[in-house]
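So this one's start.tsv, TSV, C-alpha atoms and all ligand atoms:
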```tsv
chain	number	residue	atom	x	y	z
A	1	MET	CA	16.51	-11.88	-9.05
A	2	SER	CA	15.22	-15.44	-8.90
A	3	GLU	CA	16.46	-15.77	-5.31
A	4	ILE	CA	13.64	-13.66	-4.07
A	5	ASN	CA	10.91	-15.78	-5.59
A	6	THR	CA	10.60	-19.28	-4.27
A	7	ALA	CA	8.16	-20.05	-7.07
A	8	ALA	CA	10.38	-18.82	-9.93
A	9	PRO	CA	10.65	-21.49	-12.60
A	10	ALA	CA	14.16	-22.94	-12.96
A	11	ALA	CA	15.70	-23.23	-16.41
A	12	GLN	CA	16.07	-26.84	-17.53
A	13	ASN	CA	19.25	-28.16	-19.11
A	14	GLY	CA	19.38	-27.17	-22.74
A	15	GLU	CA	16.25	-25.03	-22.49
A	16	ALA	CA	16.38	-21.30	-23.00
A	17	LYS	CA	16.67	-19.45	-19.69
A	18	PRO	CA	13.28	-17.94	-18.79
A	19	ALA	CA	13.21	-14.16	-19.16
A	20	LYS	CA	13.99	-12.48	-15.85
A	21	LYS	CA	10.78	-11.33	-14.26
A	22	LYS	CA	10.39	-7.67	-13.40
A	23	ILE	CA	10.14	-6.75	-9.75
A	24	SER	CA	7.02	-5.20	-8.28
A	25	LEU	CA	6.84	-3.83	-4.75
A	26	SER	CA	3.94	-2.58	-2.64
A	27	PHE	CA	3.68	-1.33	0.92
A	28	ILE	CA	0.78	-0.64	3.23
A	29	GLN	CA	1.04	1.40	6.44
A	30	PRO	CA	-0.36	-0.05	9.67
A	31	SER	CA	-1.63	3.40	10.63
A	32	GLY	CA	-5.14	2.16	11.41
A	33	ALA	CA	-7.54	-0.61	10.44
A	34	ILE	CA	-7.27	-1.36	6.71
A	35	THR	CA	-10.14	0.28	4.83
A	36	LEU	CA	-12.34	-0.53	1.88
A	37	GLY	CA	-10.37	2.22	0.09
A	38	ASN	CA	-7.09	0.37	0.67
A	39	TYR	CA	-8.70	-2.85	-0.52
A	40	LEU	CA	-10.46	-1.58	-3.66
A	41	GLY	CA	-7.79	0.97	-4.58
A	42	ALA	CA	-4.70	-1.13	-3.89
A	43	LEU	CA	-4.86	-4.64	-2.43
A	44	LYS	CA	-7.24	-6.04	-5.04
A	45	ASN	CA	-4.85	-4.92	-7.78
A	46	TRP	CA	-1.83	-6.24	-5.89
A	47	VAL	CA	-3.38	-9.71	-5.84
A	48	ALA	CA	-4.07	-9.48	-9.59
A	49	ILE	CA	-0.45	-8.43	-10.20
A	50	GLN	CA	0.81	-11.37	-8.15
A	51	ASP	CA	-1.55	-13.81	-9.87
A	52	SER	CA	-0.61	-12.59	-13.35
A	53	GLY	CA	2.67	-14.45	-12.78
A	54	GLU	CA	4.49	-11.70	-14.67
A	55	PHE	CA	6.36	-10.25	-11.71
A	56	ASN	CA	8.45	-11.15	-8.72
A	57	CYS	CA	6.39	-9.44	-6.05
A	58	LEU	CA	7.26	-8.08	-2.62
A	59	TYR	CA	4.55	-6.96	-0.19
A	60	ALA	CA	5.26	-5.38	3.16
A	61	VAL	CA	3.63	-3.72	6.09
A	62	ALA	CA	5.44	-0.38	6.38
A	63	ASP	CA	5.61	-0.20	10.16
A	64	LEU	CA	8.48	2.33	10.23
A	65	HIS	CA	6.44	4.77	8.16
A	66	ALA	CA	3.56	4.57	10.63
A	67	LEU	CA	5.82	6.09	13.31
A	68	THR	CA	5.83	9.52	11.67
A	69	VAL	CA	2.48	9.98	13.41
A	70	ARG	CA	2.22	9.26	17.14
A	71	GLN	CA	0.94	5.70	17.62
A	72	ASP	CA	-0.22	3.89	20.72
A	73	PRO	CA	2.31	0.99	20.95
A	74	LYS	CA	-0.33	-1.59	21.87
A	75	ASN	CA	-2.58	-0.54	18.96
A	76	LEU	CA	0.37	-0.42	16.59
A	77	ARG	CA	1.33	-4.02	17.38
A	78	GLN	CA	-2.24	-5.09	16.72
A	79	GLN	CA	-2.42	-3.05	13.49
A	80	ILE	CA	0.83	-4.55	12.19
A	81	TYR	CA	-0.53	-8.07	12.67
A	82	GLN	CA	-3.85	-7.03	11.21
A	83	GLY	CA	-2.16	-5.44	8.17
A	84	LEU	CA	-0.30	-8.67	7.52
A	85	ALA	CA	-3.45	-10.72	8.09
A	86	VAL	CA	-5.37	-8.55	5.61
A	87	LEU	CA	-2.65	-8.99	2.98
A	88	LEU	CA	-2.91	-12.76	3.37
A	89	ALA	CA	-6.72	-12.79	3.59
A	90	ALA	CA	-7.05	-10.65	0.47
A	91	GLY	CA	-5.07	-13.24	-1.50
A	92	ILE	CA	-1.38	-12.37	-1.21
A	93	ASP	CA	0.21	-15.80	-1.18
A	94	PRO	CA	3.54	-16.18	0.64
A	95	GLU	CA	4.36	-19.12	-1.63
A	96	LYS	CA	4.23	-16.80	-4.63
A	97	SER	CA	5.33	-13.47	-3.14
A	98	ILE	CA	7.66	-12.21	-0.46
A	99	VAL	CA	5.63	-10.94	2.49
A	100	PHE	CA	7.40	-9.14	5.32
A	101	GLN	CA	7.42	-6.42	7.93
A	102	GLN	CA	9.57	-3.43	6.93
A	103	SER	CA	11.40	-3.11	10.28
A	104	HIS	CA	12.52	-6.76	10.06
A	105	VAL	CA	14.80	-5.83	7.18
A	106	HIS	CA	17.21	-3.42	8.83
A	107	GLN	CA	18.67	-2.36	5.49
A	108	HIS	CA	15.63	-0.10	4.90
A	109	ALA	CA	16.61	2.28	7.70
A	110	GLU	CA	20.30	2.09	6.76
A	111	LEU	CA	19.82	2.89	3.10
A	112	ALA	CA	17.35	5.62	4.07
A	113	TRP	CA	20.15	7.42	5.95
A	114	ILE	CA	22.40	7.37	2.91
A	115	LEU	CA	19.57	8.54	0.65
A	116	ASN	CA	18.71	11.32	3.10
A	117	CYS	CA	22.08	12.77	2.19
A	118	TYR	CA	21.06	12.84	-1.48
A	119	THR	CA	17.59	14.28	-0.95
A	120	MET	CA	17.11	18.03	-1.04
A	121	PHE	CA	15.32	20.14	1.53
A	122	GLY	CA	13.39	21.89	-1.25
A	123	GLU	CA	12.01	18.71	-2.76
A	124	LEU	CA	10.96	17.39	0.66
A	125	SER	CA	9.19	20.68	1.39
A	126	ARG	CA	7.11	20.28	-1.75
A	127	MET	CA	5.68	16.88	-0.81
A	128	THR	CA	1.90	17.06	-0.54
A	129	GLN	CA	1.82	14.43	2.18
A	130	PHE	CA	4.22	16.46	4.32
A	131	LYS	CA	2.07	19.57	3.86
A	132	ASP	CA	-1.16	17.67	4.63
A	133	LYS	CA	0.17	15.77	7.62
A	134	SER	CA	2.00	18.74	9.13
A	135	ALA	CA	-1.27	20.69	8.97
A	136	LYS	CA	-3.18	17.75	10.47
A	137	TYR	CA	-0.63	17.01	13.21
A	138	ALA	CA	0.59	20.55	13.87
A	139	ASP	CA	1.81	19.64	17.36
A	140	ASN	CA	4.08	16.88	16.06
A	141	ILE	CA	5.87	18.03	12.91
A	142	ASN	CA	8.80	15.70	13.44
A	143	ALA	CA	11.83	15.11	11.21
A	144	GLY	CA	10.48	11.68	10.16
A	145	LEU	CA	7.34	13.30	8.78
A	146	PHE	CA	9.61	15.51	6.66
A	147	THR	CA	12.17	12.95	5.49
A	148	TYR	CA	9.87	9.93	4.98
A	149	PRO	CA	10.36	10.12	1.17
A	150	ALA	CA	14.01	9.06	1.66
A	151	LEU	CA	12.82	5.98	3.57
A	152	MET	CA	10.24	5.32	0.89
A	153	ALA	CA	12.95	5.64	-1.76
A	154	ALA	CA	15.06	3.14	0.21
A	155	ASP	CA	12.08	0.74	0.38
A	156	ILE	CA	11.84	0.81	-3.39
A	157	LEU	CA	15.49	1.06	-4.46
A	158	LEU	CA	16.80	-1.68	-2.15
A	159	TYR	CA	15.14	-4.32	-4.31
A	160	GLN	CA	16.05	-2.79	-7.68
A	161	THR	CA	12.29	-2.50	-8.13
A	162	ASP	CA	11.09	-2.07	-11.70
A	163	TYR	CA	7.46	-1.27	-10.97
A	164	VAL	CA	5.49	0.20	-8.12
A	165	PRO	CA	1.72	-0.07	-8.50
A	166	VAL	CA	0.49	3.41	-7.65
A	167	GLY	CA	-2.69	5.36	-7.51
A	168	GLN	CA	-2.81	9.02	-8.47
A	169	ASP	CA	-2.17	10.05	-4.84
A	170	GLN	CA	1.07	8.07	-4.68
A	171	LYS	CA	2.63	9.35	-7.91
A	172	GLN	CA	4.62	12.10	-6.20
A	173	HIS	CA	6.29	9.49	-3.96
A	174	LEU	CA	7.46	7.50	-6.91
A	175	GLU	CA	8.68	10.61	-8.70
A	176	ILE	CA	10.90	11.61	-5.79
A	177	ALA	CA	12.25	8.04	-5.51
A	178	ARG	CA	13.12	8.19	-9.21
A	179	ASP	CA	14.75	11.60	-8.79
A	180	ILE	CA	16.86	10.36	-5.87
A	181	ALA	CA	17.91	7.23	-7.82
A	182	ASN	CA	18.71	9.31	-10.86
A	183	ARG	CA	20.77	11.79	-8.84
A	184	PHE	CA	22.72	9.02	-7.12
A	185	ASN	CA	23.29	7.10	-10.39
A	186	GLY	CA	24.42	10.33	-12.02
A	187	ILE	CA	27.14	10.83	-9.40
A	188	TYR	CA	28.32	7.23	-8.87
A	189	GLY	CA	27.26	5.31	-11.96
A	190	LYS	CA	24.34	2.90	-12.23
A	191	THR	CA	23.53	1.72	-8.72
A	192	PHE	CA	19.75	1.68	-8.58
A	193	THR	CA	17.02	0.73	-11.02
A	194	GLU	CA	14.86	3.77	-11.61
A	195	PRO	CA	11.34	2.52	-10.82
A	196	GLU	CA	8.35	3.07	-13.08
A	197	PRO	CA	4.78	3.57	-11.93
A	198	TYR	CA	2.62	0.57	-12.73
A	199	ILE	CA	-0.80	1.85	-13.58
A	200	THR	CA	-3.33	-0.95	-13.49
A	201	LYS	CA	-6.88	-0.67	-14.79
A	202	ALA	CA	-8.42	2.33	-13.05
A	203	GLY	CA	-7.85	1.57	-9.39
A	204	ALA	CA	-10.91	2.89	-7.63
A	205	ARG	CA	-10.35	6.00	-5.51
A	206	ILE	CA	-12.72	5.66	-2.60
A	207	MET	CA	-13.84	8.75	-0.77
A	208	SER	CA	-14.94	9.34	2.81
A	209	LEU	CA	-18.60	8.49	3.49
A	210	ALA	CA	-18.90	11.59	5.69
A	211	GLU	CA	-16.93	14.10	3.58
A	212	PRO	CA	-16.94	12.73	0.04
A	213	THR	CA	-14.46	15.30	-1.26
A	214	LYS	CA	-11.79	13.73	0.99
A	215	LYS	CA	-10.32	10.28	0.39
A	216	MET	CA	-11.27	7.47	2.74
A	217	SER	CA	-8.28	7.14	5.11
A	218	LYS	CA	-7.64	4.58	7.79
A	219	SER	CA	-6.45	7.26	10.23
A	220	ASP	CA	-9.72	9.24	9.95
A	221	PRO	CA	-10.94	9.76	13.54
A	222	ASN	CA	-14.56	9.72	12.31
A	223	LYS	CA	-15.28	5.98	12.16
A	224	ASN	CA	-18.57	6.60	10.29
A	225	ALA	CA	-16.54	8.03	7.42
A	226	ILE	CA	-14.69	4.79	6.73
A	227	ILE	CA	-15.51	1.16	6.14
A	228	THR	CA	-12.84	-1.10	7.56
A	229	ILE	CA	-12.18	-4.70	6.63
A	230	MET	CA	-13.03	-5.61	10.25
A	231	ASP	CA	-16.48	-3.95	10.27
A	232	THR	CA	-19.40	-6.32	10.79
A	233	ASP	CA	-22.20	-6.60	8.21
A	234	ALA	CA	-24.50	-4.54	10.45
A	235	GLU	CA	-21.88	-1.80	10.90
A	236	ILE	CA	-21.27	-1.64	7.16
A	237	ILE	CA	-24.95	-1.32	6.34
A	238	LYS	CA	-25.45	1.31	9.05
A	239	LYS	CA	-22.52	3.38	7.75
A	240	PHE	CA	-23.86	3.29	4.19
A	241	LYS	CA	-27.34	4.30	5.38
A	242	ARG	CA	-25.72	7.34	7.04
A	243	ALA	CA	-23.45	8.19	4.10
A	244	VAL	CA	-23.59	11.84	3.13
A	245	THR	CA	-25.36	12.51	-0.18
A	246	ASP	CA	-26.70	15.67	-1.82
A	247	SER	CA	-30.33	16.77	-1.73
A	248	GLY	CA	-31.24	15.05	-5.03
A	249	SER	CA	-32.77	11.62	-5.31
A	250	GLU	CA	-31.76	10.21	-8.71
A	251	VAL	CA	-29.01	7.56	-8.70
A	252	ARG	CA	-26.95	9.19	-11.44
A	253	MET	CA	-23.38	10.47	-11.63
A	254	GLY	CA	-23.14	14.24	-11.82
A	255	GLU	CA	-21.01	17.26	-11.15
A	256	GLY	CA	-21.11	18.40	-7.54
A	257	LYS	CA	-22.80	15.14	-6.48
A	258	ASP	CA	-19.68	13.88	-4.68
A	259	GLY	CA	-21.54	11.66	-2.25
A	260	ILE	CA	-23.60	9.75	-4.80
A	261	ASN	CA	-20.65	9.64	-7.24
A	262	ASN	CA	-18.59	7.96	-4.52
A	263	LEU	CA	-21.32	5.41	-3.78
A	264	ILE	CA	-21.70	4.61	-7.49
A	265	ASN	CA	-17.91	4.16	-7.74
A	266	ILE	CA	-17.90	1.84	-4.75
A	267	TYR	CA	-20.83	-0.19	-6.12
A	268	SER	CA	-19.09	-0.40	-9.48
A	269	ALA	CA	-15.73	-1.46	-8.00
A	270	VAL	CA	-17.37	-4.15	-5.90
A	271	THR	CA	-19.81	-5.59	-8.47
A	272	GLY	CA	-17.77	-4.97	-11.64
A	273	LYS	CA	-20.83	-3.26	-13.18
A	274	SER	CA	-20.38	-0.12	-15.30
A	275	VAL	CA	-21.79	3.25	-14.22
A	276	GLU	CA	-24.40	3.04	-17.00
A	277	GLU	CA	-25.55	-0.39	-15.85
A	278	ILE	CA	-25.85	0.86	-12.29
A	279	GLU	CA	-27.80	3.94	-13.34
A	280	ARG	CA	-30.20	1.70	-15.29
A	281	GLU	CA	-30.52	-0.78	-12.41
A	282	PHE	CA	-31.54	1.98	-9.99
A	283	GLU	CA	-33.71	4.03	-12.34
A	284	GLY	CA	-36.86	5.10	-10.49
A	285	LYS	CA	-35.38	4.13	-7.13
A	286	GLY	CA	-34.16	6.61	-4.53
A	287	TYR	CA	-30.97	7.15	-2.58
A	288	GLY	CA	-32.31	5.06	0.32
A	289	ASP	CA	-32.62	1.91	-1.80
A	290	PHE	CA	-29.23	2.52	-3.38
A	291	LYS	CA	-27.47	3.04	-0.05
A	292	MET	CA	-28.97	-0.20	1.24
A	293	ALA	CA	-27.83	-2.04	-1.91
A	294	CYS	CA	-24.31	-0.58	-1.53
A	295	GLY	CA	-24.17	-1.69	2.07
A	296	GLU	CA	-25.20	-5.22	1.13
A	297	VAL	CA	-22.72	-5.72	-1.74
A	298	VAL	CA	-19.89	-4.27	0.34
A	299	ALA	CA	-20.81	-6.47	3.31
A	300	ASP	CA	-20.76	-9.50	0.97
A	301	THR	CA	-17.28	-8.51	-0.24
A	302	VAL	CA	-15.81	-7.69	3.15
A	303	ARG	CA	-17.28	-10.67	5.07
A	304	PRO	CA	-15.07	-13.47	3.66
A	305	ILE	CA	-11.95	-11.31	4.05
A	306	ARG	CA	-12.87	-10.37	7.62
A	307	GLU	CA	-13.46	-14.03	8.49
A	308	LYS	CA	-10.06	-15.02	7.11
A	309	VAL	CA	-8.40	-12.11	8.94
A	310	THR	CA	-9.97	-13.34	12.18
A	311	ASP	CA	-8.57	-16.83	11.55
A	312	TYR	CA	-5.09	-15.43	10.87
A	313	MET	CA	-5.28	-13.20	13.96
A	314	ASN	CA	-5.97	-16.33	15.99
A	315	ASN	CA	-2.84	-17.86	14.51
A	316	LYS	CA	-0.17	-15.20	14.94
A	317	ASP	CA	2.51	-17.90	14.94
A	318	TYR	CA	1.72	-18.49	11.29
A	319	ILE	CA	2.00	-14.74	10.54
A	320	ASP	CA	5.34	-14.68	12.39
A	321	GLU	CA	6.58	-17.61	10.28
A	322	VAL	CA	5.55	-15.91	7.03
A	323	CYS	CA	7.32	-12.71	8.09
A	324	LYS	CA	10.44	-14.52	9.18
A	325	LYS	CA	10.79	-16.30	5.86
A	326	GLY	CA	9.90	-13.11	3.97
A	327	ALA	CA	12.40	-10.98	5.85
A	328	PHE	CA	15.12	-13.57	5.31
A	329	MET	CA	14.60	-13.56	1.55
A	330	ALA	CA	14.16	-9.80	1.30
A	331	SER	CA	17.23	-9.00	3.39
A	332	ARG	CA	19.54	-11.19	1.32
A	333	PHE	CA	18.76	-9.06	-1.68
A	334	ALA	CA	18.63	-5.81	0.28
A	335	GLN	CA	22.09	-6.43	1.72
A	336	ARG	CA	23.58	-6.66	-1.74
A	337	THR	CA	22.18	-3.28	-2.74
A	338	LEU	CA	23.21	-1.73	0.56
A	339	GLU	CA	26.80	-2.95	0.27
A	340	LYS	CA	26.99	-1.74	-3.31
A	341	THR	CA	25.76	1.68	-2.15
A	342	TYR	CA	28.21	1.82	0.77
A	343	LYS	CA	31.08	1.05	-1.56
A	344	LYS	CA	29.99	3.62	-4.12
A	345	VAL	CA	29.96	6.44	-1.58
A	346	GLY	CA	33.32	5.41	-0.16
A	347	LEU	CA	32.41	3.63	3.07
A	348	VAL	CA	34.72	0.77	4.04
A	349	LEU	CA	32.85	-2.50	4.57
A	350	PRO	CA	33.75	-4.67	7.56
A	351	LYS	CA	36.30	-7.35	6.65
A	352	ALA	CA	34.87	-10.87	6.45
A	353	ASP	CA	36.26	-13.29	9.09
B	1	LIG	N1	-9.34	5.97	-0.29
B	1	LIG	C1	-8.53	5.26	-1.06
B	1	LIG	N2	-8.93	4.89	-2.30
B	1	LIG	C2	-8.10	4.16	-3.08
B	1	LIG	N3	-6.86	3.77	-2.72
B	1	LIG	C3	-6.44	4.10	-1.49
B	1	LIG	N4	-5.28	3.87	-0.83
B	1	LIG	C4	-5.34	4.45	0.39
B	1	LIG	N5	-6.53	5.05	0.55
B	1	LIG	C5	-7.23	4.86	-0.60
B	1	LIG	C6	-4.17	3.10	-1.36
B	1	LIG	O1	-3.84	2.10	-0.39
B	1	LIG	C7	-2.46	1.79	-0.52
B	1	LIG	C8	-1.82	1.67	0.83
B	1	LIG	O2	-1.91	2.91	1.47
B	1	LIG	P1	-0.92	3.34	2.60
B	1	LIG	O3	-1.26	2.62	3.83
B	1	LIG	O4	0.48	3.13	2.17
B	1	LIG	O5	-1.07	4.89	2.78
B	1	LIG	P2	-2.21	5.91	2.55
B	1	LIG	O6	-2.47	6.15	1.10
B	1	LIG	O7	-1.81	7.09	3.35
B	1	LIG	O8	-3.49	5.18	3.18
B	1	LIG	P3	-4.53	5.79	4.15
B	1	LIG	O9	-5.60	4.76	4.33
B	1	LIG	O10	-4.98	7.15	3.70
B	1	LIG	O11	-3.70	5.88	5.51
B	1	LIG	P4	-3.42	7.13	6.48
B	1	LIG	O12	-4.75	7.48	7.06
B	1	LIG	O13	-2.48	6.62	7.51
B	1	LIG	O14	-2.83	8.24	5.67
B	1	LIG	C9	-1.83	2.85	-1.40
B	1	LIG	O15	-1.53	2.30	-2.67
B	1	LIG	C10	-2.90	3.91	-1.50
B	1	LIG	O16	-2.86	4.59	-2.76
```

Encoded form (C-alpha cells):
Amino acid sequence: MSEINTAAPAAQNGEAKPAKKKISLSFIQPSGAITLGNYLGALKNWVAIQDSGEFNCLYAVADLHALTVRQDPKNLRQQIYQGLAVLLAAGIDPEKSIVFQQSHVHQHAELAWILNCYTMFGELSRMTQFKDKSAKYADNINAGLFTYPALMAADILLYQTDYVPVGQDQKQHLEIARDIANRFNGIYGKTFTEPEPYITKAGARIMSLAEPTKKMSKSDPNKNAIITIMDTDAEIIKKFKRAVTDSGSEVRMGEGKDGINNLINIYSAVTGKSVEEIEREFEGKGYGDFKMACGEVVADTVRPIREKVTDYMNNKDYIDEVCKKGAFMASRFAQRTLEKTYKKVGLVLPKAD
C-alpha cells in the first residue's frame, strides 16, 4: 500500500523490496474540544506509532460520527478545524501520515451502507456506546446512533487496516468491525483484512475531575470536569484545584480513592514518573500541594500544543491543503476496496468512458 504513504521508501534496483508496512488507522470525533484524556490516552500514542516508522498511518477527524448527536453547525465547523489542528499540533505530520476529514472521502458512507446490510440488529443492540448514548440523549435516539458501528467498520475496512490503536473502551468497536469483516469474507471470499487491536504501552485512561468514576469526555457539559487542549494555564490550575478528591490527605493510590488515583495517573502520564516515585515525592504533603503540582505540569504540557493549535487555527488554508491532499490519497485506496466490495455483492459498476 505504498501509494498511501508519500514517505514510503522506494526499492532500489537490485535491492530487496522493503517489507510492506502494516497499516494503522485512528479517528477522533469532533464532538467537542479535544481533552487531556484524548491527548494522553490516544493522540500521544498515535504520534509515537507514526514516529516508529513501522506503519503506514492514517489519521482522520470523524465528522460523520459526530452527527449521531445533535451538533450546532457553527460549533461543529469550528470543532472539525480544531480537531485537525490538534492532530497537527500534537505531532501528526502530514508528510509522514495521511491526515483527512472523514466526510471528504465519500467511500466511507457508501461502504457503510453495504456493511449495514451485513450487521445484525442483535449485535448493534449490545453496543455499550449505543446503550450509554441512548440513555444520555433519550430525546434523540436516531438510527445513526444505532448503526454507527457499520460506519466505523467501513472506516477501518476501507483501508485494509491491519491495526487500530485502541484503549479498553474502544475494544468492542474493533470486535464488531472484525465480526463484520469475517462474516463478509466468509460469504464472498477474502475481501477485507480483519483488523487487530494495537495495544500500546498502557494508554492512560483519564477520568472526569468532577466525577472520577466516569471517563473524561469532550462532550461533558460540566466544563470543570474536563481539561481541554484550549484551556489557558489559569483555567487548568483552577480546575485542578477544584478537582474532586476523597476526605483523606495522603497522596497515595488506594481503593475507593478514585479522585486521587486519577490525579496520580494524570501526573504520571504527563511526567513519565512511576506511581511509587510520585508517592515518595509527595510524602508529607497534602492534596492541596499535589493538586497545584498537577495543574502546573499539565499546564506545561498543554501550553505548547495550545499555542500551535492557535497558529494553525489562524491558518485554515493550510489545514484545508493538508485535508485535500490527505483525502485525495485516502480516496484512491478507498475506491479500490469499495469497487471490490460492490463487485463481490453483485452490483454492476459504471462502464468507464
Ligand atoms: N478519558 C479518556 N482517557 C483516555 N483515552 C480517551 N479517549 C477518549 N477519552 C479518553 C480516547 O480518545 C480517542 C478518540 O476518541 P473519540 O473522539 O473517537 O471518541 P470518544 O472515546 O467517545 O471520546 P470522548 O472524548 O469521550 O468524546 P464524546 O464525549 O463525544 O463521547 C479514542 O482512542 C479514545 O479511546

Contacts of Gln50 of chain A within 10 Å, all atoms listed in the file, excl. fewer than 2 positions in-chain, as a PyMOL selection string = chain A and resi 24+45-48+52-59+91-93+96-97

Expected selection as number ranges by chain for ligand LIG 1 (chain B) within 9 Å, only C-alpha atoms and all ligand atoms = A: 26-43, 61-62, 65-66, 69, 129, 133, 165-171, 203-208, 214-220, 226

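Proximity ranking of A:Lys190, A:His173, A:Lys44, A:Lys21 relative to Leu87 of chain A places A:Lys44 first, based on all atoms listed in the file.
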
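Going from atom CA of Asp132 of chain A to atom CA of Thr68 of chain A covers 12.8 Å.
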
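Atom CA of Ile236 of chain A sits 22.5 Å away from atom CA of Met253 of chain A.
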
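One distance worth recording is that between atom CA of Arg242 of chain A and atom CA of Gly256 of chain A, which is 18.9 Å.
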
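Shortest atom-to-atom contact with Arg77 of chain A among A:Glu339, A:Tyr198, A:Ser125, A:Gln101: A:Gln101, counting all atoms listed in the file.
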
Mind checking which residues fall within 10 Å of Tyr118 of chain A, counting all atoms listed in the file, ignoring those fewer than 4 positions away in the same chain, and posting them as a PyMOL selection string?
-> chain A and resi 112-114+150+179-181+183-184

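Remark: for Lys22 of chain A, the closest of the candidate residues A:His108, A:Arg70, A:Thr161, A:Asn75 is A:Thr161 (distances computed over only C-alpha atoms).
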
Write out as a PyMOL selection string each polymer residue whose atoms come within 12 Å of Lys340 of chain A, counting only C-alpha atoms; drop sequence neighbours fewer than 6 positions from it.
-> chain A and resi 111+114+157-158+160+185+188-192+333-334+346-349
